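In what follows, a single structure is set out as C-alpha coordinates and then discussed.
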Amino acid sequence: MADKRTMTLNLTDEEMNALDALSNRYDMSKTAIVRKALRMYQMIDSRLQRGEKLFLEDEAEKKKSELVVL
Amino acid sequence: MTRSPITIGLRDLHNGGVVDALLHTELSEAQIRAAQEAWEPVRKAAIENLHAQGQPLEALPKHWGWDWRRKINRLDDPLLGFYGIECEGKMQGLLELAKEGHLAKLPEQKGRPLIYVKYIEVAAWNIKVLAPNPRFGGVGARLMKAAVELSLSEDCKGRLGLHSLPGANKGDPEWFYQHVCKMEPMESERDGEGLLYFELTAQRAQEFLKGGTQ
(Lines give C-alpha, C1' and ligand atoms only; values in the text may rest on other atoms or scores of the structure.)
Protein backbone atom coordinates (compact mmCIF):
# COMPACT_ATOMS: atom_id res chain seq x y z
CA MET A 1 0.00 0.00 0.00
CA ALA A 2 1.05 3.62 -0.48
CA ASP A 3 3.27 5.27 2.15
CA LYS A 4 1.46 7.79 4.30
CA ARG A 5 2.56 11.11 5.77
CA THR A 6 1.15 12.94 8.78
CA MET A 7 -0.13 16.50 8.99
CA THR A 8 -2.03 18.63 11.48
CA LEU A 9 -5.46 19.83 10.38
CA ASN A 10 -7.02 22.86 12.07
CA LEU A 11 -10.83 22.83 11.92
CA THR A 12 -13.55 25.03 13.43
CA ASP A 13 -16.08 23.41 15.79
CA GLU A 14 -18.61 23.39 12.98
CA GLU A 15 -16.22 21.68 10.60
CA MET A 16 -15.20 19.17 13.26
CA ASN A 17 -18.85 18.42 13.99
CA ALA A 18 -19.45 17.78 10.30
CA LEU A 19 -16.45 15.45 10.19
CA ASP A 20 -17.64 13.65 13.33
CA ALA A 21 -21.10 13.18 11.84
CA LEU A 22 -19.73 11.70 8.61
CA SER A 23 -17.32 9.51 10.55
CA ASN A 24 -20.17 8.11 12.67
CA ARG A 25 -22.57 7.73 9.78
CA TYR A 26 -20.17 5.71 7.65
CA ASP A 27 -18.29 3.95 10.46
CA MET A 28 -14.98 5.31 9.23
CA SER A 29 -12.16 7.22 10.89
CA LYS A 30 -11.95 10.97 10.37
CA THR A 31 -8.72 10.41 8.46
CA ALA A 32 -10.49 8.03 6.06
CA ILE A 33 -13.30 10.55 5.52
CA VAL A 34 -10.82 13.34 4.71
CA ARG A 35 -8.92 11.07 2.34
CA LYS A 36 -12.15 10.12 0.55
CA ALA A 37 -13.18 13.77 0.31
CA LEU A 38 -9.80 14.71 -1.14
CA ARG A 39 -9.97 11.91 -3.68
CA MET A 40 -13.45 13.00 -4.79
CA TYR A 41 -12.34 16.62 -5.03
CA GLN A 42 -9.30 15.57 -7.07
CA MET A 43 -11.52 13.63 -9.49
CA ILE A 44 -14.06 16.45 -9.83
CA ASP A 45 -11.36 19.09 -10.30
CA SER A 46 -9.61 16.99 -12.93
CA ARG A 47 -12.82 16.55 -14.92
CA LEU A 48 -13.76 20.22 -14.62
CA GLN A 49 -10.29 21.13 -15.87
CA ARG A 50 -11.01 18.99 -18.94
CA GLY A 51 -14.10 21.09 -19.61
CA GLU A 52 -16.73 18.74 -18.17
CA LYS A 53 -19.55 19.97 -15.92
CA LEU A 54 -20.92 18.66 -12.64
CA PHE A 55 -24.69 18.37 -12.20
CA LEU A 56 -26.98 17.42 -9.35
CA GLU A 57 -30.24 15.77 -10.32
CA ASP A 58 -33.43 15.32 -8.34
CA GLU A 59 -35.33 12.60 -10.19
CA ALA A 60 -38.51 13.01 -8.15
CA GLU A 61 -38.67 16.75 -8.75
CA LYS A 62 -37.25 16.39 -12.28
CA LYS A 63 -34.75 19.15 -11.48
CA LYS A 64 -31.15 19.32 -12.63
CA SER A 65 -28.69 21.99 -11.53
CA GLU A 66 -25.06 22.61 -12.29
CA LEU A 67 -22.72 22.59 -9.32
CA VAL A 68 -19.96 25.16 -9.65
CA VAL A 69 -16.79 24.07 -7.83
CA LEU A 70 -13.94 26.45 -7.06
CA MET B 1 5.61 8.12 -7.45
CA THR B 2 5.58 4.48 -8.48
CA ARG B 3 4.80 2.02 -5.71
CA SER B 4 7.13 -0.95 -5.42
CA PRO B 5 5.58 -4.38 -5.97
CA ILE B 6 5.21 -6.76 -3.02
CA THR B 7 6.73 -10.23 -3.11
CA ILE B 8 4.15 -12.97 -2.57
CA GLY B 9 4.02 -16.75 -3.01
CA LEU B 10 2.05 -18.64 -5.67
CA ARG B 11 1.48 -22.38 -5.82
CA ASP B 12 3.39 -24.00 -8.67
CA LEU B 13 0.86 -26.60 -9.80
CA HIS B 14 3.46 -28.44 -11.92
CA ASN B 15 5.72 -29.40 -9.01
CA GLY B 16 3.63 -28.68 -5.90
CA GLY B 17 6.03 -26.02 -4.61
CA VAL B 18 5.70 -22.32 -3.95
CA VAL B 19 7.27 -19.72 -6.21
CA ASP B 20 7.92 -16.03 -5.67
CA ALA B 21 5.65 -13.65 -7.55
CA LEU B 22 5.12 -9.90 -7.55
CA LEU B 23 1.91 -8.23 -6.48
CA HIS B 24 1.69 -4.87 -8.27
CA THR B 25 -0.57 -2.34 -6.55
CA GLU B 26 -0.54 -0.05 -9.56
CA LEU B 27 -0.13 -0.84 -13.23
CA SER B 28 1.43 0.86 -16.23
CA GLU B 29 0.11 1.03 -19.76
CA ALA B 30 2.90 -1.31 -20.88
CA GLN B 31 1.95 -3.92 -18.29
CA ILE B 32 -1.71 -3.85 -19.35
CA ARG B 33 -0.82 -4.14 -23.03
CA ALA B 34 1.61 -7.00 -22.41
CA ALA B 35 -0.95 -8.91 -20.34
CA GLN B 36 -3.72 -8.50 -22.89
CA GLU B 37 -1.45 -9.52 -25.77
CA ALA B 38 -0.26 -12.61 -23.89
CA TRP B 39 -3.71 -13.62 -22.64
CA GLU B 40 -6.01 -12.95 -25.57
CA PRO B 41 -4.90 -15.72 -27.98
CA VAL B 42 -4.63 -18.31 -25.17
CA ARG B 43 -8.04 -17.43 -23.76
CA LYS B 44 -9.67 -17.42 -27.19
CA ALA B 45 -8.11 -20.74 -28.23
CA ALA B 46 -9.06 -22.40 -24.94
CA ILE B 47 -12.69 -21.29 -25.18
CA GLU B 48 -12.92 -22.28 -28.86
CA ASN B 49 -11.50 -25.67 -27.91
CA LEU B 50 -14.16 -26.14 -25.23
CA HIS B 51 -16.84 -25.27 -27.75
CA ALA B 52 -15.36 -27.68 -30.30
CA GLN B 53 -15.50 -30.42 -27.64
CA GLY B 54 -19.25 -29.94 -27.45
CA GLN B 55 -19.66 -27.41 -24.61
CA PRO B 56 -22.79 -25.37 -25.38
CA LEU B 57 -22.33 -21.62 -25.82
CA GLU B 58 -24.16 -20.82 -22.58
CA ALA B 59 -21.76 -23.02 -20.59
CA LEU B 60 -18.59 -21.34 -21.89
CA PRO B 61 -16.69 -18.78 -19.78
CA LYS B 62 -18.21 -15.35 -20.39
CA HIS B 63 -15.04 -13.25 -20.27
CA TRP B 64 -13.80 -14.29 -23.73
CA GLY B 65 -14.15 -10.75 -25.12
CA TRP B 66 -12.55 -8.76 -22.30
CA ASP B 67 -9.92 -6.27 -23.40
CA TRP B 68 -7.94 -4.70 -20.56
CA ARG B 69 -6.44 -2.13 -22.96
CA ARG B 70 -9.77 -0.29 -22.82
CA LYS B 71 -8.88 0.64 -19.24
CA ILE B 72 -5.57 2.31 -20.06
CA ASN B 73 -7.00 5.85 -20.04
CA ARG B 74 -8.33 5.25 -16.51
CA LEU B 75 -5.09 4.04 -14.94
CA ASP B 76 -4.49 7.36 -13.12
CA ASP B 77 -8.10 7.80 -11.96
CA PRO B 78 -7.87 8.38 -8.18
CA LEU B 79 -11.20 6.60 -7.67
CA LEU B 80 -9.94 3.34 -9.18
CA GLY B 81 -7.26 0.82 -8.29
CA PHE B 82 -5.44 -1.53 -10.64
CA TYR B 83 -3.58 -4.57 -9.36
CA GLY B 84 -1.69 -7.38 -11.04
CA ILE B 85 0.25 -10.50 -10.09
CA GLU B 86 3.38 -11.19 -12.13
CA CYS B 87 5.34 -14.42 -12.15
CA GLU B 88 7.98 -15.78 -14.52
CA GLY B 89 7.88 -12.46 -16.40
CA LYS B 90 4.17 -12.69 -17.23
CA MET B 91 1.05 -11.23 -15.67
CA GLN B 92 -0.91 -14.06 -14.06
CA GLY B 93 -3.96 -12.08 -12.99
CA LEU B 94 -5.41 -8.56 -13.10
CA LEU B 95 -7.87 -6.70 -10.90
CA GLU B 96 -9.73 -3.40 -11.23
CA LEU B 97 -11.34 -1.89 -8.13
CA ALA B 98 -13.59 1.09 -7.44
CA LYS B 99 -12.60 2.90 -4.23
CA GLU B 100 -15.66 5.16 -4.17
CA GLY B 101 -19.33 5.15 -5.01
CA HIS B 102 -20.45 1.81 -3.61
CA LEU B 103 -22.25 1.14 -0.33
CA ALA B 104 -22.95 -2.19 1.34
CA LYS B 105 -26.34 -3.85 0.78
CA LEU B 106 -26.35 -6.71 3.31
CA PRO B 107 -28.62 -5.81 6.26
CA GLU B 108 -25.85 -6.04 8.88
CA GLN B 109 -23.66 -3.48 7.07
CA LYS B 110 -26.14 -1.66 4.84
CA GLY B 111 -25.05 1.85 3.83
CA ARG B 112 -21.42 1.40 4.88
CA PRO B 113 -18.75 2.10 2.23
CA LEU B 114 -17.05 -0.82 0.55
CA ILE B 115 -14.51 -1.53 -2.17
CA TYR B 116 -16.20 -2.74 -5.35
CA VAL B 117 -14.45 -5.28 -7.58
CA LYS B 118 -15.15 -4.11 -11.13
CA TYR B 119 -13.13 -6.71 -13.02
CA ILE B 120 -10.92 -9.62 -12.04
CA GLU B 121 -9.33 -12.06 -14.45
CA VAL B 122 -6.80 -14.84 -14.11
CA ALA B 123 -4.68 -15.83 -17.12
CA ALA B 124 -6.28 -18.72 -19.01
CA TRP B 125 -3.27 -20.98 -18.42
CA ASN B 126 -4.04 -20.89 -14.66
CA ILE B 127 -7.71 -21.86 -14.98
CA LYS B 128 -8.51 -25.56 -14.76
CA VAL B 129 -11.58 -25.36 -16.99
CA LEU B 130 -9.49 -23.69 -19.73
CA ALA B 131 -6.13 -25.42 -19.25
CA PRO B 132 -5.88 -29.18 -18.56
CA ASN B 133 -2.59 -28.67 -16.72
CA PRO B 134 -2.83 -25.22 -15.06
CA ARG B 135 0.42 -23.44 -14.21
CA PHE B 136 -0.14 -21.48 -10.97
CA GLY B 137 -2.76 -21.79 -8.24
CA GLY B 138 -4.21 -19.19 -5.92
CA VAL B 139 -3.92 -16.20 -8.26
CA GLY B 140 -7.57 -15.15 -8.05
CA ALA B 141 -7.75 -15.64 -4.29
CA ARG B 142 -4.56 -13.62 -3.77
CA LEU B 143 -5.98 -10.77 -5.87
CA MET B 144 -9.17 -10.88 -3.81
CA LYS B 145 -7.07 -10.74 -0.64
CA ALA B 146 -5.35 -7.66 -2.05
CA ALA B 147 -8.81 -6.13 -2.47
CA VAL B 148 -9.62 -6.91 1.17
CA GLU B 149 -6.29 -5.40 2.25
CA LEU B 150 -7.15 -2.22 0.34
CA SER B 151 -10.58 -2.19 1.97
CA LEU B 152 -8.93 -2.38 5.38
CA SER B 153 -6.44 0.37 4.56
CA GLU B 154 -9.33 2.58 3.33
CA ASP B 155 -11.14 1.92 6.64
CA CYS B 156 -13.90 -0.02 4.86
CA LYS B 157 -13.23 -2.82 7.40
CA GLY B 158 -12.61 -5.45 4.71
CA ARG B 159 -16.03 -5.03 3.07
CA LEU B 160 -16.14 -5.89 -0.66
CA GLY B 161 -18.88 -6.07 -3.28
CA LEU B 162 -19.00 -7.40 -6.84
CA HIS B 163 -21.25 -8.80 -9.55
CA SER B 164 -20.07 -12.23 -10.60
CA LEU B 165 -19.93 -13.83 -14.00
CA PRO B 166 -22.30 -16.83 -14.04
CA GLY B 167 -21.36 -20.37 -13.08
CA ALA B 168 -22.11 -22.05 -9.77
CA ASN B 169 -20.28 -25.37 -10.25
CA LYS B 170 -17.09 -26.00 -8.30
CA GLY B 171 -14.34 -23.78 -9.73
CA ASP B 172 -16.81 -21.43 -11.45
CA PRO B 173 -16.95 -17.72 -10.54
CA GLU B 174 -20.04 -17.80 -8.29
CA TRP B 175 -18.72 -20.86 -6.45
CA PHE B 176 -15.33 -19.18 -6.02
CA TYR B 177 -16.74 -15.97 -4.49
CA GLN B 178 -19.07 -17.82 -2.15
CA HIS B 179 -16.90 -20.71 -1.01
CA VAL B 180 -13.32 -19.46 -1.32
CA CYS B 181 -13.77 -15.73 -0.71
CA LYS B 182 -16.56 -16.20 1.89
CA MET B 183 -18.87 -13.71 0.17
CA GLU B 184 -22.64 -13.80 0.51
CA PRO B 185 -24.84 -13.88 -2.61
CA MET B 186 -27.81 -11.50 -2.80
CA GLU B 187 -30.43 -12.56 -5.32
CA SER B 188 -32.26 -9.26 -4.90
CA GLU B 189 -29.25 -7.29 -6.15
CA ARG B 190 -28.64 -8.80 -9.59
CA ASP B 191 -27.50 -6.16 -12.10
CA GLY B 192 -29.05 -5.23 -15.45
CA GLU B 193 -27.30 -8.15 -17.14
CA GLY B 194 -28.60 -10.58 -14.53
CA LEU B 195 -25.23 -11.03 -12.82
CA LEU B 196 -25.49 -12.14 -9.21
CA TYR B 197 -24.27 -9.73 -6.52
CA PHE B 198 -21.88 -10.93 -3.80
CA GLU B 199 -20.77 -9.07 -0.71
CA LEU B 200 -18.08 -9.69 1.89
CA THR B 201 -18.78 -8.64 5.46
CA ALA B 202 -16.14 -7.25 7.79
CA GLN B 203 -16.23 -10.43 9.86
CA ARG B 204 -16.01 -12.78 6.87
CA ALA B 205 -13.14 -10.69 5.49
CA GLN B 206 -11.03 -11.67 8.50
CA GLU B 207 -11.89 -15.35 7.96
CA PHE B 208 -10.96 -15.08 4.28
CA LEU B 209 -7.64 -13.40 5.08
CA LYS B 210 -6.76 -16.16 7.56
CA GLY B 211 -7.61 -18.93 5.09
CA GLY B 212 -5.35 -20.29 2.38
CA THR B 213 -5.48 -19.33 -1.29
CA GLN B 214 -6.93 -22.59 -2.63
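Here, A, B, ... name the chains of the C-alpha coordinates in the order displayed, residue numbers run from 1 inside each chain, and ligands are numbered from 1 in the same displayed order.
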Residue hits in chain A, query chain B, radius 12 Å, only C-alpha atoms, as a PyMOL selection string: chain A and resi 1-4+22-47
Near-B:Glu86 list (8 Å; only C-alpha atoms; drop same-chain fewer than 2 positions) as a list of chain:residue names: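 Listing them by chain and then by number gives B:Ala21, B:Leu22, B:Leu23, B:His24, B:Gly84, B:Glu88, B:Gly89, B:Lys90, B:Met91, B:Gln92, B:Gly93.
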Option closest in space to B:Asn126, from B:Asp191, B:Glu37, B:Asp12, B:Glu58 [counting only C-alpha atoms]: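 Selected residue with least distance to B:Asn126: B:Asp12.
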Atom CA of B:Leu143 to atom CA of B:Tyr83, straight-line distance in Å: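 Interatomic distance here is 7.5 Å.
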As a short mmCIF file (atom, residue, chain, number, x, y, z; two decimals) with N, CA and C atoms, in the first residue's frame, which residues of chain A does DSSP assign to strand (DSSP E)?
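What landed in part.cif:
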data_model
loop_
_atom_site.label_atom_id
_atom_site.label_comp_id
_atom_site.auth_asym_id
_atom_site.auth_seq_id
_atom_site.Cartn_x
_atom_site.Cartn_y
_atom_site.Cartn_z
N PHE A 55 -23.26 18.09 -12.41
CA PHE A 55 -24.69 18.37 -12.20
C PHE A 55 -25.24 17.57 -11.03
N LEU A 56 -26.21 18.14 -10.34
CA LEU A 56 -26.98 17.42 -9.35
C LEU A 56 -28.38 17.24 -9.91
N GLU A 57 -28.94 16.04 -9.75
CA GLU A 57 -30.24 15.77 -10.32
C GLU A 57 -31.19 15.25 -9.25
N ASP A 58 -32.38 15.81 -9.23
CA ASP A 58 -33.43 15.32 -8.34
C ASP A 58 -34.47 14.66 -9.23
N LYS A 63 -35.56 17.93 -11.46
CA LYS A 63 -34.75 19.15 -11.48
C LYS A 63 -33.28 18.77 -11.65
N LYS A 64 -32.57 19.56 -12.41
CA LYS A 64 -31.15 19.32 -12.63
C LYS A 64 -30.44 20.66 -12.51
N SER A 65 -29.39 20.71 -11.68
CA SER A 65 -28.69 21.99 -11.53
C SER A 65 -27.19 21.77 -11.59
N GLU A 66 -26.52 22.73 -12.18
CA GLU A 66 -25.06 22.61 -12.29
C GLU A 66 -24.43 23.03 -10.99
#
For atom CA of B:Ser164 and atom CA of B:Phe198, the interatomic separation in Å (one decimal):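 Result for atom CA of B:Ser164 versus atom CA of B:Phe198: 7.2 Å, one decimal.
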Contacts of B:Pro166 at 9 Å (only C-alpha atoms; same-chain gap of 3+ positions) as number ranges by chain: B: 61-62, 172-174, 194-196
Could you turn the residues from that selection into a file that holds N, CA and C atoms, as a CSV table (one decimal), in the first residue's frame?
chain,number,residue,atom,x,y,z
B,61,PRO,N,-17.0,-20.0,-20.6
B,61,PRO,CA,-16.7,-18.8,-19.8
B,61,PRO,C,-17.1,-17.5,-20.5
B,62,LYS,N,-17.6,-16.5,-19.8
B,62,LYS,CA,-18.2,-15.3,-20.4
B,62,LYS,C,-17.2,-14.2,-20.6
B,172,ASP,N,-16.2,-22.5,-10.7
B,172,ASP,CA,-16.8,-21.4,-11.5
B,172,ASP,C,-16.8,-20.1,-10.6
B,173,PRO,N,-17.0,-19.0,-11.3
B,173,PRO,CA,-17.0,-17.7,-10.5
B,173,PRO,C,-17.9,-17.6,-9.3
B,174,GLU,N,-19.1,-18.0,-9.4
B,174,GLU,CA,-20.0,-17.8,-8.3
B,174,GLU,C,-19.6,-18.7,-7.1
B,194,GLY,N,-28.2,-9.4,-15.3
B,194,GLY,CA,-28.6,-10.6,-14.5
B,194,GLY,C,-27.5,-11.2,-13.7
B,195,LEU,N,-26.4,-10.5,-13.6
B,195,LEU,CA,-25.2,-11.0,-12.8
B,195,LEU,C,-25.5,-11.0,-11.3
B,196,LEU,N,-25.2,-12.0,-10.6
B,196,LEU,CA,-25.5,-12.1,-9.2
B,196,LEU,C,-24.5,-11.3,-8.4
